[in-house]
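Report on one structure; see the data block that follows.
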Amino acid sequence: MKKIHLFLVVILSAFVLTNSFAADISELSGKITDAQSQSALPGATIAIPDLRVSVIADKNGDFTFRNLPARGRFLVQVSYVGYSTITQLIDFSNPATLAFSLQPSVIEGRVVIVTGSATSSDNRKNSTSVASVSKADLLYHPSTNLIDAISRVPGISQITTGPSISKPVIRGLSYNRVVTVNDGVKQQGQQWGDEHGIEIDQYSADHIEVLRGPASLMYGSDALGGVINILDGLPAPDGTLRGELLTNYASNNGLSGSSLMLQGNENGLIYKARASYKNAYSYQTPIEFVPNSSFNETNFEGQIGLNKKWGYAHLDASSFRNNIGFYEPVRNESGQLIDEEGNTFSDSQNKDRTLAFPKQDVRHSKIALNSNLIFGEGSLKSTFGYQHNQRRELETAGEGNALFLNSYTYSYDLKYSFKDKNGWTPVIGVSEEFMHSLNTEGEEQLIPDYNSRTLGGFAYIKKNWDNDTFNGGARVDYRKMTGKAFDGDATFDAFTNEFSHITGALGYTHEFNDDFSFKTNAGSAFRAPNIAELSSNGVHEGAFRYEIGNPDLKPEQSYQLDAAFDFQNQYISASLGSFANYINDYIYYSTSGDTRLINDRDFPVYNFVQDNAFLRGIEASLTLHPVKFIHFENGFSYTRATNRTTKESLPFIPAATLRNELRFEPTIAGTSHTYVSVGLDNFFKQNKIDQFENATSGYTLLNAAIGTTLQISKSQHITLYVAGKNLLNKAYYDHLSRFKPGRLSDEDPTLGIYNMGRNITFGINLPFTLKNN
């Protein structure tokens with residue numbers, strides 16, 4: 001309780017003290033025009049991400065920012081549909097009138113500013129491999145959760161437990177090797193678990209940056225594989241009150257989702273509220289319903305803050321709850337799925353949205369204070385976070401929690417950016433996180449109660465020339481984990497582990513011309529063992545195995561090099577990249593075939609062990625837009641992972657993937673952004689497997705979509721879309737599905753449940769403006 005009080009005092013103090021850093025008021029004005037015709041571009045968006053402000057150009061293409069800091073250098077982004085997005089670094093101490101000329105382009109404007117690094121920058125000048133997923137991509141491709149929505153990005157996969165639970169995989173690495181950031185805070189749920197998803201509302205994301213490769217320099221331990229940075233949209237322009245209504249329905253499992261958002265800005269006082277709800281009955285494979293796979297999800301979030309001459313301070317709060325049904329599959333002699341009494345399931349049971357037992361009740365509450373204060377000759381970015389995660393597993397009605405994982409996390413992250421001099425931009429930072437976790441209050445215990453403290457600091461510098469950029473940095477981290485002794489159904493010995501590590505990174509980019517660029521990055525990273533790897537001693541019911549931890553595990557150490565070429569002009573966008581990642585003391589679980597009898601059932605015993613690993617692969621994309629109405633998009637990714645000690649393949653590595661989509665974009669009077677698309681998702685055979693895995697056959701899925709935006713009044717439009725996935729109702733197993741044969745049952749290695757069959761999603765997106773400046 002004392003820590004909560006201290007946290008609230010810090011939040012209140014930050015708001016009170018911000019005025020003491022006030023700088024003089026500055027104004028920034030300019031005009032947006034077509035580079036060829038010189039005509040104005042009304043409605044163009046001008047944004048300054050580091051200050052969390054944006055404006056819209058008026059009917060003459062003119063814009064004005066008011067109440068800005070009088071000093072500092074900030075990246076300005078200008079975008080308009082049908083034109084190439086541009087960025088420009090602006091010195092606020094010399095706020096001359098700006099003129100931006102945009103070039104028409106049939107290649108859609110890409111989000112080019114990367115914020116998930118030490119300094120925000122144009123992606124062409126950012127040496128790390130970053131892919132950006134837009135809100136349109138999140139909404140208009142059929143998906144059942146946030147990670148499912150971004151899994152189309154080359155190099156990104158997902159470990160699934162049915163449609164409601166997905167864990168991100170970046171270049172073959174997952175669990176605690178991938179950091180998820182939301183509201184500027186590292187998400188802390190129970191990432192170590194197989195069947196534990198990400199507790200974030202997919203409707204709340206404006207866009208997502210996926211950092212592929214080691215990111216320990218910025219994010220410390222656990223960012224060994226990469227980072228998923230979920231970004232909210234910028235606040236409404238000053239004097240504006242606006243919102244959006246999203247709703248969709250999916251045919252396969254009756255998934256209905258709706259989200260209502262309202263946001264406003266009155267002279268720099270910004271506010272926002274959102275409510276979202278999802279509900280689904282059991283999903284269907286091409287041959288059957290999967291009993292008790294229904295789920296429902298509720299999310300409430302709000303934001304209040306100030307955008308002033310000293311910078312900004314925003315307070316975000318959210319409450320997320322997800323109820324998920326589970327089913328331990330058993331088939332009768334006819335191959336039908338049956339319940340504990342041997343009865344088959346009726347259609348009414350399968351379409352009942354009321355969850356049966358067993359089930360999970362997952363809750364995640366979060367408070368985050370983000371600010372960027374302009375004072376002295378630099379700026380201080382800060383994030384203070386509080387999270388409370390609760391995960392209950394319920395076996396039968398009227399009884400207590402079979403398993404109860406309950407954690408409290410307090411964190412802060414501070415970054416000070418010095419005034420750049422002669423193109424040199426230095427940044428220093430410090431972060432700390434404290435976690436208090438209670439896990440022995442349920443009837444079953446898998447891990448002990450524990451406390452964890454992590455402290456880290458880094459120094460970073462970046463140098464810009466006309467066509468070249470160099471960056472480098474170093475970081476030191478310390479982590480202490482204390483497990484508490486427990487003697488109940490499971491027995492845990494007390495332990496204390498301390499880990500420290502130094503990491504570093506060097507990066508370089510070169511722009512050969514306006515179209516062609518190159519980037520490379522060499523970095524080291526580390527990951528301290530998680531609580532399950534150190535101390536597990538019990539049956540992991542969701543994974544159907546008995547897990548035994550090892551308190552003597554050492555931290556993983558990664559050394560990675562990646563490089564990529566990018567090309568983009570008016571008609572072609574292409575990229576080709578590769579990576580090599582050496583990991584020493586790679587942690588994984590392995591079985592020798594031993595079993596342990598628990599409650600009259602033999603469970604296979606899995607122990608956490610360490611060896612050295614080598615992961616390498618390629619990622620490529622090619623988008624062709626030869627004429628205005630044809631768009632042909634292709635993406636390919638391949639990861640190969642081997643155990644350098646045993647010379648065998650590492651477990652749970654995604655299959656090579658090739659995605660193709662051909663989209664027609666006709667011009668129809670009274671509409672905009674009309675499209676008809678057809679696509680193929682090609683997953684290759686995965687036979688590079690560990691000894692306890694089963695190979696997975698290749699397969700191809702046919703997808704299609706149609707959508708349009710209707711102008712229903714001068715200032716109001718509505719987007720309608722229909723999107724189909726697996727239209728041929730192909731029966732297949734994804735290699736990373738936890739329902740595939742060999743992973744679903746230790747007693748019957750042939751038992752499996754196919755992935756979702758044909759699914760058609762119908763959706764509506766209605767943005768609206770109640771007040772305009």
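Residues are named by chain letter and number: chains run A, B, ... in the order of the structure tokens, numbers start at 1 in each chain, and ligands are numbered from 1 in the order shown.
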Identify, on the basis of only C-alpha atoms, every residue whose closest approach to range 313-322 of chain A does not exceed 6 Å; exclude the query and any residue fewer than 4 positions from it along the same chain; express the result as a list in words. Asn296, Glu297, Thr298, Asn299, Phe300, Glu301, Gly302, Gln303, Ile304, Gly305, Leu306, Val362, Arg363, His364, Ser365, Lys366, Ile367, Ala368, Leu369, Asn370 and Ser371 of chain A
All alpha helix (DSSP H) residues (DSSP, backbone) inside range 513-722 of chain A, as a ChimeraX atom specification: /A:531-535
Would you list the contacts of Asn123 in chain A as a list in words, taking every protein, DNA or RNA residue within 12 Å and counting only C-alpha atoms, but skipping same-chain residues closer than 5 positions in sequence? Leu75, Gln77, Thr85, Ile86, Thr87, Arg110, Val111, Val112, Ile113, Val114, Thr115, Gly116, Ser117, Thr128, Ser129, Val130, Ala131, Ser132, Glu209, Leu211, Thr469, Thr509, His510, Glu511, Ser517, Phe518, Lys519 and Asp566 of chain A
Tell me, in Å to one decimal, how far CA of Asp681 in chain A is from CA of Asn292 in chain A. 28.1 Å
Taking into account only C-alpha atoms, which residue in the set A:Pro237, A:Pro426, A:Gly617, A:Pro555 is nearest to Asn581 in chain A?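 Under the stated criterion, the closest residue is A:Gly617.
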Go through range 736-772 of chain A and collect every residue that DSSP, computed from the backbone, puts in strand (DSSP E); the answer should be as a PyMOL selection string. chain A and resi 759-771
With N, CA and C atoms retained, export the selected residues as a tab-separated table (two decimals), in the first residue's frame.
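Now in result28.tsv:
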chain	number	residue	atom	x	y	z
A	759	ASN	N	-13.88	-18.11	-42.39
A	759	ASN	CA	-14.32	-17.03	-41.51
A	759	ASN	C	-14.52	-15.76	-42.34
A	760	ILE	N	-15.72	-15.21	-42.30
A	760	ILE	CA	-16.04	-13.99	-43.05
A	760	ILE	C	-16.41	-12.91	-42.05
A	761	THR	N	-15.73	-11.78	-42.14
A	761	THR	CA	-15.92	-10.68	-41.21
A	761	THR	C	-16.60	-9.51	-41.91
A	762	PHE	N	-17.65	-8.97	-41.29
A	762	PHE	CA	-18.37	-7.80	-41.78
A	762	PHE	C	-18.09	-6.65	-40.79
A	763	GLY	N	-17.70	-5.49	-41.32
A	763	GLY	CA	-17.32	-4.42	-40.42
A	763	GLY	C	-17.76	-3.05	-40.86
A	764	ILE	N	-17.90	-2.15	-39.87
A	764	ILE	CA	-18.25	-0.75	-40.09
A	764	ILE	C	-17.32	0.11	-39.23
A	765	ASN	N	-16.82	1.17	-39.83
A	765	ASN	CA	-16.01	2.15	-39.11
A	765	ASN	C	-16.62	3.52	-39.36
A	766	LEU	N	-17.09	4.16	-38.28
A	766	LEU	CA	-17.77	5.46	-38.40
A	766	LEU	C	-17.05	6.50	-37.55
A	767	PRO	N	-16.12	7.27	-38.15
A	767	PRO	CA	-15.54	8.40	-37.42
A	767	PRO	C	-16.52	9.58	-37.46
A	768	PHE	N	-16.50	10.41	-36.43
A	768	PHE	CA	-17.42	11.55	-36.41
A	768	PHE	C	-16.77	12.72	-35.68
A	769	THR	N	-17.21	13.91	-36.03
A	769	THR	CA	-16.71	15.13	-35.40
A	769	THR	C	-17.90	15.91	-34.84
A	770	LEU	N	-17.84	16.20	-33.54
A	770	LEU	CA	-18.89	16.95	-32.88
A	770	LEU	C	-18.58	18.43	-32.80
A	771	LYS	N	-17.29	18.75	-32.84
A	771	LYS	CA	-16.87	20.15	-32.79
A	771	LYS	C	-15.54	20.28	-33.50
Long-range neighbours of range 752-757 of chain A as an NGL selection string, 10 Å cut-off, only C-alpha atoms, 6 positions minimum in chain: :A and (160-163 or 252-253 or 283-290 or 329-330 or 337 or 701 or 725-734 or 737-745)
Put those residues in a file: C-alpha atoms, as an mmCIF file, in the first residue's frame.
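Writing the result to out09.cif gives the following:
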data_model
loop_
_atom_site.group_PDB
_atom_site.id
_atom_site.type_symbol
_atom_site.label_atom_id
_atom_site.label_comp_id
_atom_site.auth_asym_id
_atom_site.auth_seq_id
_atom_site.Cartn_x
_atom_site.Cartn_y
_atom_site.Cartn_z
ATOM 1 C CA THR A 160 -2.051 -19.803 -30.546
ATOM 2 C CA THR A 161 -4.376 -21.528 -28.126
ATOM 3 C CA GLY A 162 -7.549 -21.211 -30.170
ATOM 4 C CA PRO A 163 -8.705 -17.840 -31.523
ATOM 5 C CA ASN A 252 -17.072 -18.612 -37.918
ATOM 6 C CA ASN A 253 -17.608 -18.193 -34.174
ATOM 7 C CA TYR A 283 -15.112 -21.653 -33.106
ATOM 8 C CA GLN A 284 -15.380 -24.103 -35.992
ATOM 9 C CA THR A 285 -12.678 -26.046 -37.769
ATOM 10 C CA PRO A 286 -13.491 -27.398 -41.251
ATOM 11 C CA ILE A 287 -14.866 -30.580 -39.643
ATOM 12 C CA GLU A 288 -16.299 -29.646 -36.226
ATOM 13 C CA PHE A 289 -16.978 -27.144 -33.480
ATOM 14 C CA VAL A 290 -14.367 -26.928 -30.712
ATOM 15 C CA PRO A 329 -10.174 -32.859 -25.857
ATOM 16 C CA VAL A 330 -11.356 -36.454 -25.804
ATOM 17 C CA LEU A 337 -15.293 -34.731 -29.419
ATOM 18 C CA LEU A 701 -5.194 -20.342 -47.538
ATOM 19 C CA LYS A 725 -10.122 -15.818 -44.550
ATOM 20 C CA ASN A 726 -9.608 -19.479 -45.484
ATOM 21 C CA LEU A 727 -12.459 -19.255 -47.978
ATOM 22 C CA LEU A 728 -11.907 -22.821 -49.215
ATOM 23 C CA ASN A 729 -12.341 -24.097 -45.651
ATOM 24 C CA LYS A 730 -8.929 -25.755 -45.689
ATOM 25 C CA ALA A 731 -8.235 -28.201 -42.834
ATOM 26 C CA TYR A 732 -4.729 -27.438 -41.533
ATOM 27 C CA TYR A 733 -2.487 -27.288 -38.483
ATOM 28 C CA ASP A 734 -0.336 -24.235 -37.908
ATOM 29 C CA SER A 737 -0.680 -24.046 -32.653
ATOM 30 C CA ARG A 738 -0.911 -25.622 -29.214
ATOM 31 C CA PHE A 739 -3.788 -27.729 -30.563
ATOM 32 C CA LYS A 740 -1.712 -29.550 -33.200
ATOM 33 C CA PRO A 741 -0.929 -33.284 -32.806
ATOM 34 C CA GLY A 742 1.971 -33.892 -30.473
ATOM 35 C CA ARG A 743 1.310 -30.797 -28.357
ATOM 36 C CA LEU A 744 -2.302 -31.291 -27.365
ATOM 37 C CA SER A 745 -2.044 -34.618 -25.558
#
I want to know what sits within 10 Å of Ser54 in chain A, based on only C-alpha atoms, with residues of the same chain fewer than 4 positions away left out; could you give that as a PyMOL selection string? chain A and resi 45-49+63-65+76-78+234-238
Can you tell me how far CA of Gly239 in chain A sits from CA of Val55 in chain A, in Å to one decimal?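 Those two atoms sit 10.4 Å apart.
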Shell of 6 Å around range 374-391 of chain A, only C-alpha atoms, local chain residues under 5 positions omitted, as a PyMOL selection string: chain A and resi 21+189+310-311+361-369+404-419
Have a look at A:Ala459, A:Met435, A:Ala532, A:Leu146 and name the one nearest to Ile502 in chain A; count only C-alpha atoms.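 Closest to Ile502 in chain A of all the choices is A:Ala459.
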If you count only C-alpha atoms, which residues fall within 12 Å of Ala525 in chain A, apart from same-chain ones fewer than 6 positions away, as a count of residues only? 37
Which is closer to Ile324 in chain A than all the others in A:Thr696, A:Ser164, A:Asn267, A:Ser174, using only C-alpha atoms? A:Ser164
Just how far from CA of Asn497 in chain A is CA of Ala528 in chain A, in Å to one decimal?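 Atom-to-atom, CA of Ala528 in chain A and CA of Asn497 in chain A are spaced 9.8 Å apart.
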Point out the residue among A:Gln716, A:Thr454, A:Asn467, A:Gln190 with the least atom-to-atom distance to Phe512 in chain A, counting only C-alpha atoms.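 For Phe512 in chain A, the nearest of the given residues is A:Asn467.
Among the candidates A:His673, A:Arg152, A:Arg274, A:His735, the residue lying nearest to Asn634 in chain A is A:Arg152 (atoms considered: only C-alpha atoms).
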